[in-house]
There are 4 protein chains.
Amino acid sequence: MVESAQETRVPPTALILVDVINSFFLEGMPNYYPAATEVLDPLRRLQAKARETARLIVHTVERHYPGFDDYEWRKLPRHHFIGDPDAALYKGFEPLGPREIVCAKRRYSAFFATDLALFLREQGIERVIIAGVKTNVCIRATVQDAFANGLSVVVPREATNSNRAASLEDIERYSGDVVPLDAALEMLA
Amino acid sequence: MVESAQETRVPPTALILVDVINSFFLEGMPNYYPAATEVLDPLRRLQAKARETARLIVHTVERHYPGFDDYEWRKLPRHHFIGDPDAALYKGFEPLGPREIVCAKRRYSAFFATDLALFLREQGIERVIIAGVKTNVCIRATVQDAFANGLSVVVPREATNSNRAASLEDIERYSGDVVPLDAALEMLA
Amino acid sequence: MVESAQETRVPPTALILVDVINSFFLEGMPNYYPAATEVLDPLRRLQAKARETARLIVHTVERHYPGFDDYEWRKLPRHHFIGDPDAALYKGFEPLGPREIVCAKRRYSAFFATDLALFLREQGIERVIIAGVKTNVCIRATVQDAFANGLSVVVPREATNSNRAASLEDIERYSGDVVPLDAALEMLA
Amino acid sequence: MVESAQETRVPPTALILVDVINSFFLEGMPNYYPAATEVLDPLRRLQAKARETARLIVHTVERHYPGFDDYEWRKLPRHHFIGDPDAALYKGFEPLGPREIVCAKRRYSAFFATDLALFLREQGIERVIIAGVKTNVCIRATVQDAFANGLSVVVPREATNSNRAASLEDIERYSGDVVPLDAALEMLA
């Protein structure tokens with residue numbers, strides 16, 4: 001039996017890496033915890049695959065303005081200022097080549113008060129693979145807005161960390177597909 | 001000892017009721033489940049108190065356009081169309097008087113693609129009490145955006161339902177205060 | 001010579017009618033002026049043609065909340081409240097049938113703090129014909145945001161009024177195509 | 001007679017400089033025209049005064065992503081790429097000290113798909129003085145969104161250029177105050 005073009009069409013797909021910054025991965029940094037580093041290898045594999053196939057990669061990173069007020073300080077300790085070492089991309093996750101951009105954000109969601117939704121539309125992206133470290137905070141918030149904006153959302157289970165269970169269940173049910181790493185790699189192939 | 005004016009100033013506070021519609025509370029409706037009705041009494045008490053003190057009440061409700069495409073249909077069954085009984089406010093929760101508005105939404109978050117953030121700023125609101133039924137979906141999404149917009153967020157524990165534990169823990173830690181119902185009533189006094 | 005499918009493809013097109021409300025067209029209303037009525041016949045022809053061909057029609061209308069503060073009151077007299085006669089759609093321009101919606105707005109631009117950009121994307125719209133009365137205010141503001149959102153913008157010259165020259169020149173140069181009414185009608189055919 | 005505190009209170013004010021980049025002011029650059037340079041002295045005076053009094057200064061600048069699609073290319077020639085000389089701040093208008101930020105934008109309005117509205121609210125800003133070169137394009141678009149967001153808008157007549165008359169008239173009538181340079185300098189004092 002022959003599948004129709006419709007059925008086999010692969011939606012244009014981008015990789016969104018959320019906050020792969022020193023703060024979580026470098027010992028001594030404010031948000032470091034040993035288990036966080038477990039996502040590094042899966043993230044490296046996603047990034048490598050996306051580079052191989054020239055897929056768009058968006059490196060979203062927290063970047064607060066030093067010396068200015070920010071509504072986040074009402075709830076959280078001050079963190080991740082522009083130019084500070086904790087807000088720098090972790091070694092090996094710097095943007096590389098013409099298909100990668102950095103998207104600075106000041107909220108959990110990479111879509112809030114940024115041009116990310118616009119940018120992805122302009123590039124014709126229909127599906128995003130979202131990975132990083134804090135499943136129940138920045139990943140979930142970014143998933144929420146990606147779905148709200150009409151993107152098909154994929155979260156590779158092994159490439160997330162930190163209080164995963166409930167958030168992955170909610171994502172699977174209400175806003176995206178939680179898949180094994182290999183399935184996500186396949187989508188970037 | 002005398003507290004300063006600064007310390008005792010009460011932030012202007014609004015009550016946001018999220019999806020108090022037939023769909024969740026009327027037997028036979030698509031999202032009805034018996035436990036949902038446990039929130040009705042706490043919601044009634046919040047609404048009554050806010051009315052007593054003439055606090056702003058925003059009734060946010062899902063209202064999709066019948067006959068048109070909507071990105072939500074990519075993940076969810078079609079639901080809550082304008083004019084349909086499942087999308088109607090549940091009896092007793094219709095807006096009443098000059099301090100209440102209805103805010104139609106098409107996403108989990110009442111702030112997405114609506115004028116809610118703008119409206120609350122225009123009224124000088126600094127704190128919102130967010131209550132309803134689906135803690136891990138519409139309440140959490142609305143909390144996320146309320147916090148991102150700089151509002152102080154309060155969630156009364158008893159006035160939420162449905163997979164609460166993980167979401168309330170996340171809200172408490174990252175975006176708001178989860179309080180007993182009595183404390184929320186006090187904030188509306 | 002044969003044109004390719006690419007070249008002849010017609011972009012999915014919607015008609016956006018901006019503020020066709022009593023305020024501008026009914027004698028005695030706050031924004032009425034006789035010359036405004038000159039746009040009524042061209043607007044009727046656009047609406048009729050869009051209906052004939054089942055094109056999407058968006059009726060955008062000013063709808064402010066009575067009794068609440070609104071940043072517009074800092075500059076303008078209070079106007080166009082929900083339910084008031086000046087804010088009602090002018091006779092003959094009420095939505096009709098399953099391909100028409102009303103989009104309430106509180107700013108000059110129909111895209112500001114509304115779900116219009118989202119809605120048009122969901123329907124696959126790529127081109128919008130924008131018409132109404134105040135060229136240099138609501139039409140221009142709506143054009144600005146339509147273009148910013150990536151829509152192809154068309155303004156039919158005869159279906160606009162009020163200080164047109166400079167705004168139409170700016171639109172033509174920076175954000176859309178200003179065309180004769182007949183050309184716009186053709187695009188809806 | 002004694003004026004009340006209310007009456008004499010000065011709204012917290014920021015200076016927004018729009019696109020003071022080489023493109024308009026350096027001979028040989030794509031958007032250069034001799035008359036543009038007439039705004040440089042007024043802009044310098046505004047910037048100097050804001051620095052004297054430690055007012056917030058936002059340097060908004062066009063910054064498109066090289067190598068990626070951008071909806072603006074559907075209407076305009078490609079321009080102002082990140083890192084290119086035409087998009088660099090014109091000599092003497094680089095940010096200086098702790099009260100100045102750069103806000104990268106990809107549309108005429110500095111508020112579209114940026115964090116500018118959020119940032120100004122976070123700093124408690126209520127009034128903005130908007131100045132630059134293209135009155136009928138980027139200045140007007142930025143004014144439109146500043147007003148829509150509830151900011152009090154001031155445009156110093158001498159610190160704008162390029163097809164001014166109709167746009168300044170529209171701004172004065174619908175969204176802000178057009179004032180002599182001296183009055184704007186006074187507001188920064």
# chains A, B, ... in the order shown; residues from 1 in each chain; ligands from 1

$ residues_around --residues "Val137 in chain B" --least-positions-apart "4" --cutoff "8 Å" --atoms "only C-alpha atoms" --output "ChimeraX atom specification"
/A:170,174 /B:108,141

$ residues_around --residues "Glu62 in chain A" --least-positions-apart "5" --cutoff "7 Å" --atoms "only C-alpha atoms" --output "list in words"
Asp19, His80, Ala87, Ala104, Lys105 and Arg106 of chain A

$ residues_around --residues "Glu126 in chain C" --least-positions-apart "2" --cutoff "9 Å" --atoms "only C-alpha atoms" --output "NGL selection string"
:C and (11-14 or 120-121 or 124 or 128 or 150-153)

$ write_last_selection --atoms "N, CA and C atoms" --output "compact mmCIF listing (two decimals), in the first residue's frame"
# COMPACT_ATOMS: atom_id res chain seq x y z
N PRO C 11 -3.15 33.94 -3.02
CA PRO C 11 -3.04 33.77 -1.56
C PRO C 11 -4.42 33.80 -0.91
N PRO C 12 -4.67 32.89 0.03
CA PRO C 12 -5.95 32.92 0.76
C PRO C 12 -6.16 34.31 1.35
N THR C 13 -7.34 34.87 1.07
CA THR C 13 -7.57 36.30 1.33
C THR C 13 -8.79 36.50 2.22
N ALA C 14 -8.68 37.40 3.18
CA ALA C 14 -9.81 37.76 4.02
C ALA C 14 -10.09 39.26 3.88
N LEU C 120 -6.38 34.62 12.11
CA LEU C 120 -6.10 34.63 10.67
C LEU C 120 -5.11 33.54 10.31
N ARG C 121 -4.11 33.33 11.15
CA ARG C 121 -3.15 32.23 10.89
C ARG C 121 -3.86 30.89 10.93
N GLY C 124 -5.44 30.03 7.85
CA GLY C 124 -4.57 29.95 6.68
C GLY C 124 -4.55 31.19 5.81
N VAL C 128 -4.78 40.19 3.44
CA VAL C 128 -5.97 40.84 3.98
C VAL C 128 -6.25 42.12 3.22
N GLY C 150 3.23 39.67 9.12
CA GLY C 150 3.58 38.87 7.95
C GLY C 150 2.47 38.70 6.93
N LEU C 151 1.38 39.41 7.12
CA LEU C 151 0.29 39.33 6.14
C LEU C 151 0.57 40.26 4.97
N SER C 152 0.12 39.85 3.82
CA SER C 152 0.15 40.72 2.66
C SER C 152 -1.06 41.65 2.77
N VAL C 153 -0.83 42.96 2.68
CA VAL C 153 -1.88 43.93 2.98
C VAL C 153 -2.32 44.68 1.73

$ interface_residues --of "chain C" --to "chain A" --cutoff "8 Å" --atoms "only C-alpha atoms" --output "PyMOL selection string"
chain C and resi 118+122+149-150

$ residues_around --residues "Asp41 in chain B" --least-positions-apart "2" --cutoff "12 Å" --atoms "only C-alpha atoms" --output "ChimeraX atom specification"
/B:20,25,36-39,43-48,92-93,131-133,158-160,181

$ write_last_selection --atoms "N, CA, C and O atoms" --output "tab-separated table (two decimals), in the first residue's frame"
chain	number	residue	atom	x	y	z
B	20	VAL	N	-15.41	28.69	34.92
B	20	VAL	CA	-16.49	28.16	35.77
B	20	VAL	C	-17.72	28.01	34.85
B	20	VAL	O	-18.68	28.78	34.90
B	25	PHE	N	-19.03	21.24	35.37
B	25	PHE	CA	-19.84	21.14	36.58
B	25	PHE	C	-21.23	20.54	36.38
B	25	PHE	O	-21.90	20.20	37.35
B	36	ALA	N	-15.05	17.57	40.58
B	36	ALA	CA	-14.95	18.98	40.19
B	36	ALA	C	-15.86	19.85	41.05
B	36	ALA	O	-15.50	20.98	41.42
B	37	THR	N	-17.03	19.30	41.39
B	37	THR	CA	-18.02	20.12	42.10
B	37	THR	C	-17.55	20.52	43.50
B	37	THR	O	-18.13	21.43	44.10
B	38	GLU	N	-16.49	19.89	43.99
B	38	GLU	CA	-15.97	20.27	45.31
B	38	GLU	C	-15.47	21.72	45.34
B	38	GLU	O	-15.38	22.32	46.41
B	39	VAL	N	-15.10	22.25	44.19
B	39	VAL	CA	-14.60	23.63	44.20
B	39	VAL	C	-15.73	24.65	44.19
B	39	VAL	O	-15.48	25.84	44.42
B	43	LEU	N	-15.49	28.55	45.46
B	43	LEU	CA	-15.59	29.58	44.42
B	43	LEU	C	-16.74	30.55	44.74
B	43	LEU	O	-16.60	31.76	44.57
B	44	ARG	N	-17.85	29.99	45.23
B	44	ARG	CA	-18.98	30.86	45.60
B	44	ARG	C	-18.59	31.83	46.71
B	44	ARG	O	-18.98	33.00	46.69
B	45	ARG	N	-17.81	31.33	47.66
B	45	ARG	CA	-17.42	32.21	48.78
B	45	ARG	C	-16.48	33.32	48.30
B	45	ARG	O	-16.59	34.46	48.75
B	46	LEU	N	-15.57	32.97	47.41
B	46	LEU	CA	-14.67	33.99	46.86
B	46	LEU	C	-15.46	35.05	46.10
B	46	LEU	O	-15.26	36.25	46.26
B	47	GLN	N	-16.37	34.58	45.25
B	47	GLN	CA	-17.17	35.50	44.45
B	47	GLN	C	-18.03	36.40	45.35
B	47	GLN	O	-18.12	37.62	45.13
B	48	ALA	N	-18.63	35.80	46.35
B	48	ALA	CA	-19.49	36.59	47.25
B	48	ALA	C	-18.68	37.66	47.99
B	48	ALA	O	-19.09	38.81	48.11
B	92	GLY	N	-25.13	30.77	38.61
B	92	GLY	CA	-24.66	31.43	39.82
B	92	GLY	C	-23.31	32.12	39.62
B	92	GLY	O	-22.86	32.86	40.49
B	93	PHE	N	-22.67	31.85	38.47
B	93	PHE	CA	-21.37	32.47	38.22
B	93	PHE	C	-21.40	33.43	37.03
B	93	PHE	O	-20.37	33.73	36.44
B	131	ALA	N	-8.66	31.28	40.62
B	131	ALA	CA	-9.32	30.06	41.09
B	131	ALA	C	-10.17	29.47	39.99
B	131	ALA	O	-10.55	30.16	39.04
B	132	GLY	N	-10.48	28.18	40.13
B	132	GLY	CA	-11.26	27.49	39.11
B	132	GLY	C	-11.15	26.00	39.30
B	132	GLY	O	-11.06	25.54	40.43
B	133	VAL	N	-11.06	25.27	38.20
B	133	VAL	CA	-11.10	23.83	38.40
B	133	VAL	C	-9.85	23.07	37.98
B	133	VAL	O	-9.27	22.35	38.77
B	158	GLU	N	-8.18	25.39	48.21
B	158	GLU	CA	-9.46	24.67	48.13
B	158	GLU	C	-10.27	25.03	46.89
B	158	GLU	O	-11.22	24.33	46.56
B	159	ALA	N	-9.91	26.12	46.25
B	159	ALA	CA	-10.69	26.56	45.09
B	159	ALA	C	-10.02	26.14	43.79
B	159	ALA	O	-10.11	26.82	42.77
B	160	THR	N	-9.36	25.02	43.83
B	160	THR	CA	-8.78	24.42	42.63
B	160	THR	C	-8.96	22.92	42.75
B	160	THR	O	-9.19	22.40	43.83
B	181	LEU	N	-8.05	28.90	51.68
B	181	LEU	CA	-9.18	29.71	51.22
B	181	LEU	C	-9.40	30.92	52.12
B	181	LEU	O	-9.64	32.04	51.63

$ decode --residues "range 39-131 of chain D" --atoms "C-alpha atoms" --output "PDB file, in the first residue's frame"
ATOM      1  CA  VAL D  39      18.178  65.757  13.705  1.00  0.00           C
ATOM      2  CA  LEU D  40      21.604  64.861  15.075  1.00  0.00           C
ATOM      3  CA  ASP D  41      22.122  67.981  17.129  1.00  0.00           C
ATOM      4  CA  PRO D  42      18.642  67.847  18.746  1.00  0.00           C
ATOM      5  CA  LEU D  43      19.155  64.128  19.441  1.00  0.00           C
ATOM      6  CA  ARG D  44      22.537  64.858  21.029  1.00  0.00           C
ATOM      7  CA  ARG D  45      20.960  67.468  23.284  1.00  0.00           C
ATOM      8  CA  LEU D  46      18.199  65.097  24.390  1.00  0.00           C
ATOM      9  CA  GLN D  47      20.697  62.338  25.079  1.00  0.00           C
ATOM     10  CA  ALA D  48      23.012  64.672  26.982  1.00  0.00           C
ATOM     11  CA  LYS D  49      20.189  65.998  29.147  1.00  0.00           C
ATOM     12  CA  ALA D  50      18.883  62.507  29.925  1.00  0.00           C
ATOM     13  CA  ARG D  51      22.400  61.486  30.956  1.00  0.00           C
ATOM     14  CA  GLU D  52      22.809  64.539  33.168  1.00  0.00           C
ATOM     15  CA  THR D  53      19.672  63.657  35.077  1.00  0.00           C
ATOM     16  CA  ALA D  54      20.215  59.878  34.960  1.00  0.00           C
ATOM     17  CA  ARG D  55      17.007  59.264  33.033  1.00  0.00           C
ATOM     18  CA  LEU D  56      16.537  55.892  31.436  1.00  0.00           C
ATOM     19  CA  ILE D  57      17.592  55.828  27.760  1.00  0.00           C
ATOM     20  CA  VAL D  58      16.482  53.078  25.385  1.00  0.00           C
ATOM     21  CA  HIS D  59      18.421  52.835  22.146  1.00  0.00           C
ATOM     22  CA  THR D  60      16.112  50.935  19.826  1.00  0.00           C
ATOM     23  CA  VAL D  61      17.747  49.628  16.679  1.00  0.00           C
ATOM     24  CA  GLU D  62      16.806  47.524  13.700  1.00  0.00           C
ATOM     25  CA  ARG D  63      18.614  44.194  13.885  1.00  0.00           C
ATOM     26  CA  HIS D  64      17.580  41.530  11.387  1.00  0.00           C
ATOM     27  CA  TYR D  65      19.015  37.996  11.407  1.00  0.00           C
ATOM     28  CA  PRO D  66      21.448  37.496   8.528  1.00  0.00           C
ATOM     29  CA  GLY D  67      20.673  34.434   6.449  1.00  0.00           C
ATOM     30  CA  PHE D  68      17.110  33.987   7.692  1.00  0.00           C
ATOM     31  CA  ASP D  69      13.792  34.885   6.183  1.00  0.00           C
ATOM     32  CA  ASP D  70      12.005  37.923   7.573  1.00  0.00           C
ATOM     33  CA  TYR D  71       8.503  39.057   6.644  1.00  0.00           C
ATOM     34  CA  GLU D  72       9.860  42.562   6.004  1.00  0.00           C
ATOM     35  CA  TRP D  73      11.672  41.297   2.895  1.00  0.00           C
ATOM     36  CA  ARG D  74       8.292  40.884   1.233  1.00  0.00           C
ATOM     37  CA  LYS D  75       8.065  44.650   1.003  1.00  0.00           C
ATOM     38  CA  LEU D  76      11.510  46.120   1.606  1.00  0.00           C
ATOM     39  CA  PRO D  77      15.020  45.429   0.336  1.00  0.00           C
ATOM     40  CA  ARG D  78      17.099  43.441   2.816  1.00  0.00           C
ATOM     41  CA  HIS D  79      18.745  45.740   5.365  1.00  0.00           C
ATOM     42  CA  HIS D  80      20.164  46.286   8.847  1.00  0.00           C
ATOM     43  CA  PHE D  81      21.558  42.853   9.627  1.00  0.00           C
ATOM     44  CA  ILE D  82      23.057  42.058  13.023  1.00  0.00           C
ATOM     45  CA  GLY D  83      26.741  42.921  12.867  1.00  0.00           C
ATOM     46  CA  ASP D  84      26.579  44.943   9.661  1.00  0.00           C
ATOM     47  CA  PRO D  85      27.884  48.541   9.608  1.00  0.00           C
ATOM     48  CA  ASP D  86      24.552  50.034   8.507  1.00  0.00           C
ATOM     49  CA  ALA D  87      22.864  48.639  11.643  1.00  0.00           C
ATOM     50  CA  ALA D  88      25.542  49.929  14.040  1.00  0.00           C
ATOM     51  CA  LEU D  89      24.685  52.832  16.331  1.00  0.00           C
ATOM     52  CA  TYR D  90      25.938  56.104  14.914  1.00  0.00           C
ATOM     53  CA  LYS D  91      29.081  57.434  16.567  1.00  0.00           C
ATOM     54  CA  GLY D  92      28.233  59.227  19.783  1.00  0.00           C
ATOM     55  CA  PHE D  93      24.939  57.376  20.294  1.00  0.00           C
ATOM     56  CA  GLU D  94      26.271  54.167  21.814  1.00  0.00           C
ATOM     57  CA  PRO D  95      24.783  53.258  25.214  1.00  0.00           C
ATOM     58  CA  LEU D  96      26.779  54.633  28.114  1.00  0.00           C
ATOM     59  CA  GLY D  97      26.510  53.780  31.775  1.00  0.00           C
ATOM     60  CA  PRO D  98      24.018  51.904  33.879  1.00  0.00           C
ATOM     61  CA  ARG D  99      20.790  53.659  32.820  1.00  0.00           C
ATOM     62  CA  GLU D 100      20.869  52.783  29.116  1.00  0.00           C
ATOM     63  CA  ILE D 101      19.917  49.677  27.190  1.00  0.00           C
ATOM     64  CA  VAL D 102      19.827  48.600  23.577  1.00  0.00           C
ATOM     65  CA  CYS D 103      16.534  47.168  22.349  1.00  0.00           C
ATOM     66  CA  ALA D 104      16.858  45.212  19.105  1.00  0.00           C
ATOM     67  CA  LYS D 105      13.761  45.261  16.920  1.00  0.00           C
ATOM     68  CA  ARG D 106      12.750  43.825  13.557  1.00  0.00           C
ATOM     69  CA  ARG D 107       9.731  45.934  12.810  1.00  0.00           C
ATOM     70  CA  TYR D 108       9.019  49.647  12.530  1.00  0.00           C
ATOM     71  CA  SER D 109       7.625  49.679  16.053  1.00  0.00           C
ATOM     72  CA  ALA D 110      10.123  49.137  18.850  1.00  0.00           C
ATOM     73  CA  PHE D 111       7.345  47.459  20.829  1.00  0.00           C
ATOM     74  CA  PHE D 112       6.540  44.707  18.332  1.00  0.00           C
ATOM     75  CA  ALA D 113       7.913  41.302  19.369  1.00  0.00           C
ATOM     76  CA  THR D 114      10.285  42.858  21.920  1.00  0.00           C
ATOM     77  CA  ASP D 115      10.308  43.210  25.702  1.00  0.00           C
ATOM     78  CA  LEU D 116      10.160  47.012  25.598  1.00  0.00           C
ATOM     79  CA  ALA D 117       6.641  47.476  27.006  1.00  0.00           C
ATOM     80  CA  LEU D 118       7.446  45.023  29.800  1.00  0.00           C
ATOM     81  CA  PHE D 119      10.798  46.657  30.541  1.00  0.00           C
ATOM     82  CA  LEU D 120       9.387  50.174  30.758  1.00  0.00           C
ATOM     83  CA  ARG D 121       6.668  48.999  33.148  1.00  0.00           C
ATOM     84  CA  GLU D 122       9.233  47.229  35.288  1.00  0.00           C
ATOM     85  CA  GLN D 123      11.154  50.492  35.619  1.00  0.00           C
ATOM     86  CA  GLY D 124       7.997  52.410  36.527  1.00  0.00           C
ATOM     87  CA  ILE D 125       8.150  54.585  33.403  1.00  0.00           C
ATOM     88  CA  GLU D 126       4.929  56.458  32.599  1.00  0.00           C
ATOM     89  CA  ARG D 127       6.075  58.894  29.945  1.00  0.00           C
ATOM     90  CA  VAL D 128       8.367  58.426  26.950  1.00  0.00           C
ATOM     91  CA  ILE D 129      10.069  60.968  24.762  1.00  0.00           C
ATOM     92  CA  ILE D 130      10.402  59.385  21.335  1.00  0.00           C
ATOM     93  CA  ALA D 131      12.874  60.802  18.843  1.00  0.00           C
TER      94      ALA D 131
END
